[in-house]
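Working notes for the structure below.
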Amino acid sequence: MSKLLEVKDIHLTIDEAEILKGMEFSIEQGEVFALIGPNGCGKSTLAYTLMGINNYQPQKGEIVFKGKNLNKMKINERAKLGLTLAWQEPARYHGVTVREFLSLGLKSRGEDVSEKKIRDALNQVAIRPGQYLDRFIDKTLSGGERKRIELASLILMEPDLVILDEPDSGVDVVALNNIGEVINHFRENGTGILLITHSEEMLHYADRAALVCEGEIIRQGKPDAISDYFKSYCLPCHKEVECDTEVAS
Amino acid sequence: MNDYQMMVDAYKDAGGEDVFSDSDVAHIVLERDKILGQHTVEGLNVQAEKTAEDTVKVFVTVESGYKIKNPVHMCFGVLPEEGRQKIDMNVHVKENAHVEVRADCIFPNAVKVEHIMDAVINIDPHGSYIYKEHHFHGDNGGVEVIARSDINVKSDGKLTTKFDLLKGRVGKIDFDYEAELADNAAVEMLARISGQKDDFIKIREAGHLNGKNSRGVLDSKIALKDSGEAEIYNELTAGAAGAMGHVDCTEIIKDKAVARAVPIVEVSHPEAKVTHEAAIGSVDSTQLQTLMARGLDEREASEIIIQGLLND
């Protein structure tokens with residue numbers, strides 16, 4: 001498998017606080033790579049930096065996607081290359097229907113809007129098209145519903161790499177299983193996934209995983225091993241345990 | 001081509017439905033003070049008469065118990081570059097009656113046009129009136145709209161108004177609507193306007209929830225760019241048990257546009273409640289960046305968000 005994304009020694013400082021301290025990893029085509037770590041360790045900041053959100057511009061390091069350096073690219077240029085992001089808290093849109101929102105995924109690929117494809121994508125995320133297509137993406141939808149609709153839009157977009165930021169937060173068990181199915185759908189279609197989570201249950205869906213602590217990757221390896229380490233050392237961590245930064249095989 | 005056909009064509013160009021030949025649909029077509037067409041249906045009296053130079057009086061009366069099936073279509077406008085149109089509208093929805101009016105106001109070539117609407121609206125007990133006004137102003141920005149409405153909604157009556165101006169230039173708009181509500185009456189006033197260049201929008205909507213369990217919603221959504229300016233004064237007072245209302249004003253601005261929102265909320269009964277929300281600012285960054293992460297550029301993404309807000 002070829003390297004789809006290479007993150008090389010990324011440093012990001014905001015308001016004199018160093019948030020990312022030399023992160024380094026790669027993702028291959030069709031691979032699910034999970035980043036796990038406690039709240040506030042820099043996972044979402046990394047996601048925004050990769051996507052170019054909020055003008056997060058690393059002061060040092062390189063983001064290489066499909067052989068191209070993304071550092072200076074705008075969000076939509078990165079998206080057109082095949083990289084996209086699903087937010088931890090998806091946005092609400094006054095007056096924009098589910099149908100209109102989903103059609104953007106097709107339009108971004110230069111495809112005509114197909115009602116059948118939109119319906120199929122909604123069915124894949126366990127949303128009944130007949131009940132939702134004409135609804136607005138506003139406060140009348142729950143966070144879990146908006147999350148699933150966002151996943152449907154990613155399915156239609158068919159990206160090469162998708163960053164899923166805390167896909168399991170704020171969703172019920174049924175939706176969680178559904179997210180697992182969507183992850184498998186992406187994997188089978190050759191889409192790489194950067195799965196960002198603070199829940200070790202989500203690591204079951206990953207091929208590889210890395211543990212993030214205070215802006216650094218302190219361990220990479222098999223999901224089971226990372227999960228065990230996370231449970232043993234990170235969850236009970238009160239800054240008393242010395243974590244080694246050795247990379248596990 | 002005669003005036004009637006020119007007016008109907010302009011109406012269709014502005015997105016209006018071709019309803020004027022349908023005998024089941026009541027309508028009025030006015031160009032300045034020229035009455036080009038009028039038709040009514042059973043239970044409804046729709047009538048226009050010229051009362052002075054540039055001035056036409058329009059009567060809409062719905063007889064007791066009649067629920068008018070098809071919306072009444074009103075087509076008002078000034079076709080030349082300059083002109084004045086004053087409409088004195090008198091609406092009376094009698095007991096247990098219902099009617100919906102769709103008014104399309106068309107000024108496609110306006111350079112110096114004045115459109116004045118003075119309305120008196122009376123809704124009797126259990127009556128219901130829906131008034132949707134759609135404006136099309138062309139690209140010159142030469143329209144001045146001055147609209148005044150005195151509204152009286154009696155017990156269990158209901159009024160809904162929806163104003164939109166989403167294409168073309170606003171020019172200058174100055175609205176002043178005031179509604180008095182009796183027991184169990186309800187009013188909903190919605191405005192959706194997109195302004196640009198040196199457009200100026202001033203809206204004052206007031207609802208007085210005087211009756212027990214009366215309800216009121218005032219909802220304005222405005223998008224402004226260039227050096228457009230908007231002032232929105234939403235006033236809701238509640239002075240009876242169970243009276244409830246909500247004021248909502250959202251304004252999105254770009255460039256050098258300026259927006260002001262002044263909600264006035266007054267409650268004078270311990271069992272009444274009025275809430276208000278106002279938000280003025282640029283396009284929400286999470287909304288924008290989500291759409292950009294789907295491949296849209298910033299301009300396309302902003303347009304979708306603003307159009308969505310105005311369609312809401």
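Chain lettering (A, B, ...) mirrors the order of the structure tokens, residue numbering begins at 1 for each chain separately, and ligand numbering begins at 1 in order of display.
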Please report as a PDB file with N, CA, C and O atoms, in the first residue's frame which residues of chain A come no farther than 9 Å from chain B, using only C-alpha atoms.
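This is the output file out_31.pdb:
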```pdb
ATOM      1  N   MET A  51      -6.611  19.820   8.134  1.00  0.00           N
ATOM      2  CA  MET A  51      -7.645  20.289   7.204  1.00  0.00           C
ATOM      3  C   MET A  51      -7.459  21.762   6.845  1.00  0.00           C
ATOM      4  O   MET A  51      -8.043  22.249   5.890  1.00  0.00           O
ATOM      5  N   ILE A  53      -8.175  24.290   8.983  1.00  0.00           N
ATOM      6  CA  ILE A  53      -9.254  25.036   9.635  1.00  0.00           C
ATOM      7  C   ILE A  53      -8.684  26.178  10.466  1.00  0.00           C
ATOM      8  O   ILE A  53      -7.609  26.058  11.057  1.00  0.00           O
ATOM      9  N   ASN A  54      -9.447  27.264  10.554  1.00  0.00           N
ATOM     10  CA  ASN A  54      -9.079  28.418  11.390  1.00  0.00           C
ATOM     11  C   ASN A  54      -7.671  28.915  11.095  1.00  0.00           C
ATOM     12  O   ASN A  54      -7.009  29.456  11.973  1.00  0.00           O
ATOM     13  N   LYS A  74      -5.640  26.081   0.944  1.00  0.00           N
ATOM     14  CA  LYS A  74      -6.887  26.418   1.636  1.00  0.00           C
ATOM     15  C   LYS A  74      -7.695  25.140   1.897  1.00  0.00           C
ATOM     16  O   LYS A  74      -7.438  24.100   1.278  1.00  0.00           O
ATOM     17  N   ILE A  75      -8.707  25.280   2.735  1.00  0.00           N
ATOM     18  CA  ILE A  75      -9.531  24.116   3.110  1.00  0.00           C
ATOM     19  C   ILE A  75     -10.125  23.453   1.865  1.00  0.00           C
ATOM     20  O   ILE A  75     -10.057  22.235   1.685  1.00  0.00           O
ATOM     21  N   ASN A  76     -10.735  24.281   1.000  1.00  0.00           N
ATOM     22  CA  ASN A  76     -11.423  23.696  -0.152  1.00  0.00           C
ATOM     23  C   ASN A  76     -10.440  23.081  -1.146  1.00  0.00           C
ATOM     24  O   ASN A  76     -10.789  22.124  -1.844  1.00  0.00           O
ATOM     25  N   GLU A  77      -9.210  23.610  -1.187  1.00  0.00           N
ATOM     26  CA  GLU A  77      -8.206  22.999  -2.078  1.00  0.00           C
ATOM     27  C   GLU A  77      -7.816  21.625  -1.551  1.00  0.00           C
ATOM     28  O   GLU A  77      -7.650  20.677  -2.329  1.00  0.00           O
ATOM     29  N   ARG A  78      -7.700  21.507  -0.243  1.00  0.00           N
ATOM     30  CA  ARG A  78      -7.400  20.202   0.365  1.00  0.00           C
ATOM     31  C   ARG A  78      -8.561  19.229   0.103  1.00  0.00           C
ATOM     32  O   ARG A  78      -8.349  18.052  -0.193  1.00  0.00           O
ATOM     33  N   ALA A  79      -9.800  19.762   0.208  1.00  0.00           N
ATOM     34  CA  ALA A  79     -10.975  18.912  -0.021  1.00  0.00           C
ATOM     35  C   ALA A  79     -11.007  18.424  -1.471  1.00  0.00           C
ATOM     36  O   ALA A  79     -11.326  17.260  -1.738  1.00  0.00           O
ATOM     37  N   LYS A  80     -10.685  19.315  -2.385  1.00  0.00           N
ATOM     38  CA  LYS A  80     -10.718  18.917  -3.796  1.00  0.00           C
ATOM     39  C   LYS A  80      -9.646  17.867  -4.114  1.00  0.00           C
ATOM     40  O   LYS A  80      -9.796  17.083  -5.049  1.00  0.00           O
ATOM     41  N   LEU A  81      -8.580  17.857  -3.297  1.00  0.00           N
ATOM     42  CA  LEU A  81      -7.564  16.811  -3.471  1.00  0.00           C
ATOM     43  C   LEU A  81      -8.039  15.462  -2.931  1.00  0.00           C
ATOM     44  O   LEU A  81      -7.454  14.430  -3.220  1.00  0.00           O
ATOM     45  N   GLY A  82      -9.089  15.485  -2.083  1.00  0.00           N
ATOM     46  CA  GLY A  82      -9.635  14.220  -1.565  1.00  0.00           C
ATOM     47  C   GLY A  82      -9.541  14.059  -0.063  1.00  0.00           C
ATOM     48  O   GLY A  82      -9.707  12.964   0.470  1.00  0.00           O
ATOM     49  N   LEU A  83      -9.256  15.171   0.653  1.00  0.00           N
ATOM     50  CA  LEU A  83      -9.180  15.117   2.118  1.00  0.00           C
ATOM     51  C   LEU A  83     -10.388  15.844   2.704  1.00  0.00           C
ATOM     52  O   LEU A  83     -10.754  16.924   2.240  1.00  0.00           O
ATOM     53  N   THR A  84     -11.016  15.262   3.701  1.00  0.00           N
ATOM     54  CA  THR A  84     -12.130  15.972   4.337  1.00  0.00           C
ATOM     55  C   THR A  84     -12.207  15.630   5.822  1.00  0.00           C
ATOM     56  O   THR A  84     -11.462  14.765   6.309  1.00  0.00           O
ATOM     57  N   LEU A  85     -13.100  16.327   6.508  1.00  0.00           N
ATOM     58  CA  LEU A  85     -13.189  16.223   7.964  1.00  0.00           C
ATOM     59  C   LEU A  85     -14.646  16.159   8.403  1.00  0.00           C
ATOM     60  O   LEU A  85     -15.483  16.901   7.887  1.00  0.00           O
ATOM     61  N   ALA A  86     -14.918  15.252   9.350  1.00  0.00           N
ATOM     62  CA  ALA A  86     -16.229  15.245  10.013  1.00  0.00           C
ATOM     63  C   ALA A  86     -16.030  15.804  11.412  1.00  0.00           C
ATOM     64  O   ALA A  86     -15.243  15.272  12.194  1.00  0.00           O
ATOM     65  N   TRP A  87     -16.751  16.883  11.714  1.00  0.00           N
ATOM     66  CA  TRP A  87     -16.556  17.599  12.976  1.00  0.00           C
ATOM     67  C   TRP A  87     -17.098  16.810  14.177  1.00  0.00           C
ATOM     68  O   TRP A  87     -18.078  16.066  14.053  1.00  0.00           O
ATOM     69  N   PRO A  90     -21.135  18.687  14.628  1.00  0.00           N
ATOM     70  CA  PRO A  90     -21.481  19.190  13.293  1.00  0.00           C
ATOM     71  C   PRO A  90     -22.301  20.472  13.349  1.00  0.00           C
ATOM     72  O   PRO A  90     -23.089  20.686  14.273  1.00  0.00           O
ATOM     73  N   ALA A  91     -22.097  21.310  12.358  1.00  0.00           N
ATOM     74  CA  ALA A  91     -22.772  22.612  12.320  1.00  0.00           C
ATOM     75  C   ALA A  91     -24.262  22.442  12.036  1.00  0.00           C
ATOM     76  O   ALA A  91     -24.699  21.444  11.468  1.00  0.00           O
ATOM     77  N   ARG A  92     -25.026  23.476  12.441  1.00  0.00           N
ATOM     78  CA  ARG A  92     -26.444  23.572  12.077  1.00  0.00           C
ATOM     79  C   ARG A  92     -26.567  24.576  10.949  1.00  0.00           C
ATOM     80  O   ARG A  92     -25.811  25.544  10.901  1.00  0.00           O
ATOM     81  N   TYR A  93     -27.543  24.349  10.111  1.00  0.00           N
ATOM     82  CA  TYR A  93     -27.763  25.263   8.987  1.00  0.00           C
ATOM     83  C   TYR A  93     -29.233  25.661   8.921  1.00  0.00           C
ATOM     84  O   TYR A  93     -30.077  24.826   8.575  1.00  0.00           O
ATOM     85  N   HIS A  94     -29.520  26.927   9.202  1.00  0.00           N
ATOM     86  CA  HIS A  94     -30.883  27.432   9.025  1.00  0.00           C
ATOM     87  C   HIS A  94     -31.261  27.324   7.558  1.00  0.00           C
ATOM     88  O   HIS A  94     -30.502  27.738   6.684  1.00  0.00           O
ATOM     89  N   GLY A  95     -32.421  26.778   7.288  1.00  0.00           N
ATOM     90  CA  GLY A  95     -32.968  26.852   5.939  1.00  0.00           C
ATOM     91  C   GLY A  95     -32.284  25.980   4.894  1.00  0.00           C
ATOM     92  O   GLY A  95     -32.592  26.088   3.716  1.00  0.00           O
ATOM     93  N   VAL A  96     -31.348  25.134   5.316  1.00  0.00           N
ATOM     94  CA  VAL A  96     -30.708  24.219   4.352  1.00  0.00           C
ATOM     95  C   VAL A  96     -31.235  22.818   4.650  1.00  0.00           C
ATOM     96  O   VAL A  96     -31.119  22.327   5.777  1.00  0.00           O
ATOM     97  N   THR A  97     -31.832  22.196   3.644  1.00  0.00           N
ATOM     98  CA  THR A  97     -32.404  20.870   3.879  1.00  0.00           C
ATOM     99  C   THR A  97     -31.318  19.797   3.821  1.00  0.00           C
ATOM    100  O   THR A  97     -30.229  20.013   3.282  1.00  0.00           O
ATOM    101  N   PHE A 101     -27.921  19.725   1.524  1.00  0.00           N
ATOM    102  CA  PHE A 101     -26.606  19.535   2.145  1.00  0.00           C
ATOM    103  C   PHE A 101     -25.893  18.324   1.532  1.00  0.00           C
ATOM    104  O   PHE A 101     -24.711  18.385   1.200  1.00  0.00           O
ATOM    105  N   LEU A 104     -24.257  18.540  -1.933  1.00  0.00           N
ATOM    106  CA  LEU A 104     -22.950  19.201  -2.048  1.00  0.00           C
ATOM    107  C   LEU A 104     -21.831  18.183  -2.207  1.00  0.00           C
ATOM    108  O   LEU A 104     -20.850  18.435  -2.904  1.00  0.00           O
ATOM    109  N   GLY A 105     -21.986  17.028  -1.540  1.00  0.00           N
ATOM    110  CA  GLY A 105     -20.972  15.980  -1.638  1.00  0.00           C
ATOM    111  C   GLY A 105     -20.817  15.483  -3.066  1.00  0.00           C
ATOM    112  O   GLY A 105     -19.709  15.198  -3.533  1.00  0.00           O
ATOM    113  N   LYS A 107     -21.866  17.288  -5.814  1.00  0.00           N
ATOM    114  CA  LYS A 107     -21.429  18.415  -6.653  1.00  0.00           C
ATOM    115  C   LYS A 107     -19.923  18.632  -6.554  1.00  0.00           C
ATOM    116  O   LYS A 107     -19.281  18.994  -7.528  1.00  0.00           O
ATOM    117  N   SER A 108     -19.381  18.398  -5.340  1.00  0.00           N
ATOM    118  CA  SER A 108     -17.949  18.639  -5.156  1.00  0.00           C
ATOM    119  C   SER A 108     -17.125  17.697  -6.022  1.00  0.00           C
ATOM    120  O   SER A 108     -15.979  17.968  -6.328  1.00  0.00           O
ATOM    121  N   ARG A 109     -17.727  16.573  -6.398  1.00  0.00           N
ATOM    122  CA  ARG A 109     -17.022  15.635  -7.279  1.00  0.00           C
ATOM    123  C   ARG A 109     -17.396  15.858  -8.736  1.00  0.00           C
ATOM    124  O   ARG A 109     -17.062  15.057  -9.608  1.00  0.00           O
ATOM    125  N   PHE A 136     -34.824  20.676   7.715  1.00  0.00           N
ATOM    126  CA  PHE A 136     -33.676  21.573   7.807  1.00  0.00           C
ATOM    127  C   PHE A 136     -32.655  21.015   8.801  1.00  0.00           C
ATOM    128  O   PHE A 136     -33.026  20.365   9.781  1.00  0.00           O
ATOM    129  N   SER A 153     -22.917  12.605   4.054  1.00  0.00           N
ATOM    130  CA  SER A 153     -22.352  13.534   3.069  1.00  0.00           C
ATOM    131  C   SER A 153     -20.933  13.113   2.693  1.00  0.00           C
ATOM    132  O   SER A 153     -20.503  13.295   1.559  1.00  0.00           O
ATOM    133  N   LEU A 154     -20.209  12.513   3.644  1.00  0.00           N
ATOM    134  CA  LEU A 154     -18.851  12.045   3.341  1.00  0.00           C
ATOM    135  C   LEU A 154     -18.890  10.820   2.421  1.00  0.00           C
ATOM    136  O   LEU A 154     -18.048  10.672   1.540  1.00  0.00           O
ATOM    137  N   MET A 157     -19.289  12.035  -0.937  1.00  0.00           N
ATOM    138  CA  MET A 157     -18.111  12.751  -1.432  1.00  0.00           C
ATOM    139  C   MET A 157     -17.010  11.786  -1.908  1.00  0.00           C
ATOM    140  O   MET A 157     -16.183  12.138  -2.727  1.00  0.00           O
TER     141      MET A 157
END
```
So that each row is one residue of stretch 91-141 of chain B with an atom at most 10 Å from stretch 187-203 of chain B, can you give its shortest atom pair and the distance in Å to one decimal, using only C-alpha atoms, rows by chain and rising number, as a tab-separated table?
```
residue	atom	partner	partner_atom	distance
B:Ser128	CA	B:Val187	CA	9.9
B:Tyr129	CA	B:Val187	CA	9.7
B:Ile130	CA	B:Glu188	CA	9.4
B:Tyr131	CA	B:Met189	CA	9.5
B:Lys132	CA	B:Leu190	CA	9.3
B:Glu133	CA	B:Ala191	CA	9.5
B:His134	CA	B:Arg192	CA	9.7
B:His135	CA	B:Ile193	CA	9.6
B:Gly141	CA	B:Asp199	CA	7.1
```
Suppose we keep N, CA, C and O atoms; can you now write the selection as a PDB file, in the first residue's frame?
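Final output, again26.pdb:
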```pdb
ATOM      1  N   SER B 128     -58.881  34.140  10.150  1.00  0.00           N
ATOM      2  CA  SER B 128     -57.475  33.842   9.887  1.00  0.00           C
ATOM      3  C   SER B 128     -57.048  34.507   8.582  1.00  0.00           C
ATOM      4  O   SER B 128     -57.726  34.377   7.557  1.00  0.00           O
ATOM      5  N   TYR B 129     -55.906  35.198   8.642  1.00  0.00           N
ATOM      6  CA  TYR B 129     -55.420  35.929   7.473  1.00  0.00           C
ATOM      7  C   TYR B 129     -53.922  35.684   7.314  1.00  0.00           C
ATOM      8  O   TYR B 129     -53.145  35.881   8.252  1.00  0.00           O
ATOM      9  N   ILE B 130     -53.544  35.220   6.134  1.00  0.00           N
ATOM     10  CA  ILE B 130     -52.126  35.022   5.820  1.00  0.00           C
ATOM     11  C   ILE B 130     -51.779  35.990   4.695  1.00  0.00           C
ATOM     12  O   ILE B 130     -52.441  35.996   3.655  1.00  0.00           O
ATOM     13  N   TYR B 131     -50.749  36.796   4.920  1.00  0.00           N
ATOM     14  CA  TYR B 131     -50.355  37.775   3.900  1.00  0.00           C
ATOM     15  C   TYR B 131     -48.877  37.569   3.575  1.00  0.00           C
ATOM     16  O   TYR B 131     -48.006  37.764   4.415  1.00  0.00           O
ATOM     17  N   LYS B 132     -48.615  37.154   2.330  1.00  0.00           N
ATOM     18  CA  LYS B 132     -47.230  36.929   1.902  1.00  0.00           C
ATOM     19  C   LYS B 132     -46.890  37.953   0.834  1.00  0.00           C
ATOM     20  O   LYS B 132     -47.557  38.000  -0.207  1.00  0.00           O
ATOM     21  N   GLU B 133     -45.882  38.752   1.105  1.00  0.00           N
ATOM     22  CA  GLU B 133     -45.518  39.811   0.165  1.00  0.00           C
ATOM     23  C   GLU B 133     -44.117  39.555  -0.362  1.00  0.00           C
ATOM     24  O   GLU B 133     -43.155  39.445   0.400  1.00  0.00           O
ATOM     25  N   HIS B 134     -44.026  39.473  -1.679  1.00  0.00           N
ATOM     26  CA  HIS B 134     -42.750  39.178  -2.324  1.00  0.00           C
ATOM     27  C   HIS B 134     -42.382  40.363  -3.204  1.00  0.00           C
ATOM     28  O   HIS B 134     -43.190  40.801  -4.027  1.00  0.00           O
ATOM     29  N   HIS B 135     -41.184  40.891  -3.018  1.00  0.00           N
ATOM     30  CA  HIS B 135     -40.771  42.061  -3.810  1.00  0.00           C
ATOM     31  C   HIS B 135     -39.696  41.683  -4.818  1.00  0.00           C
ATOM     32  O   HIS B 135     -38.791  40.916  -4.520  1.00  0.00           O
ATOM     33  N   GLY B 141     -31.571  49.840  -7.661  1.00  0.00           N
ATOM     34  CA  GLY B 141     -31.658  50.350  -6.295  1.00  0.00           C
ATOM     35  C   GLY B 141     -32.488  51.618  -6.174  1.00  0.00           C
ATOM     36  O   GLY B 141     -32.375  52.346  -5.190  1.00  0.00           O
TER      37      GLY B 141
END
```
Can you work out the spacing between atom CA of A:Thr140 and atom CA of A:Glu115 in Å, to one decimal?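 For atom CA of A:Thr140 relative to atom CA of A:Glu115, the distance reads 23.1 Å.
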Quote the spacing between atom CA of A:Asp160 and atom CA of A:Gly130 in Å to one decimal place.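 These two atoms are separated by 29.4 Å.
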Within stretch 144-225 of chain A, find each residue whose DSSP state, derived from the backbone, is helix (DSSP H, G or I), and express the selection as number ranges by chain. A: 144-157, 173-188, 200-205, 223-225
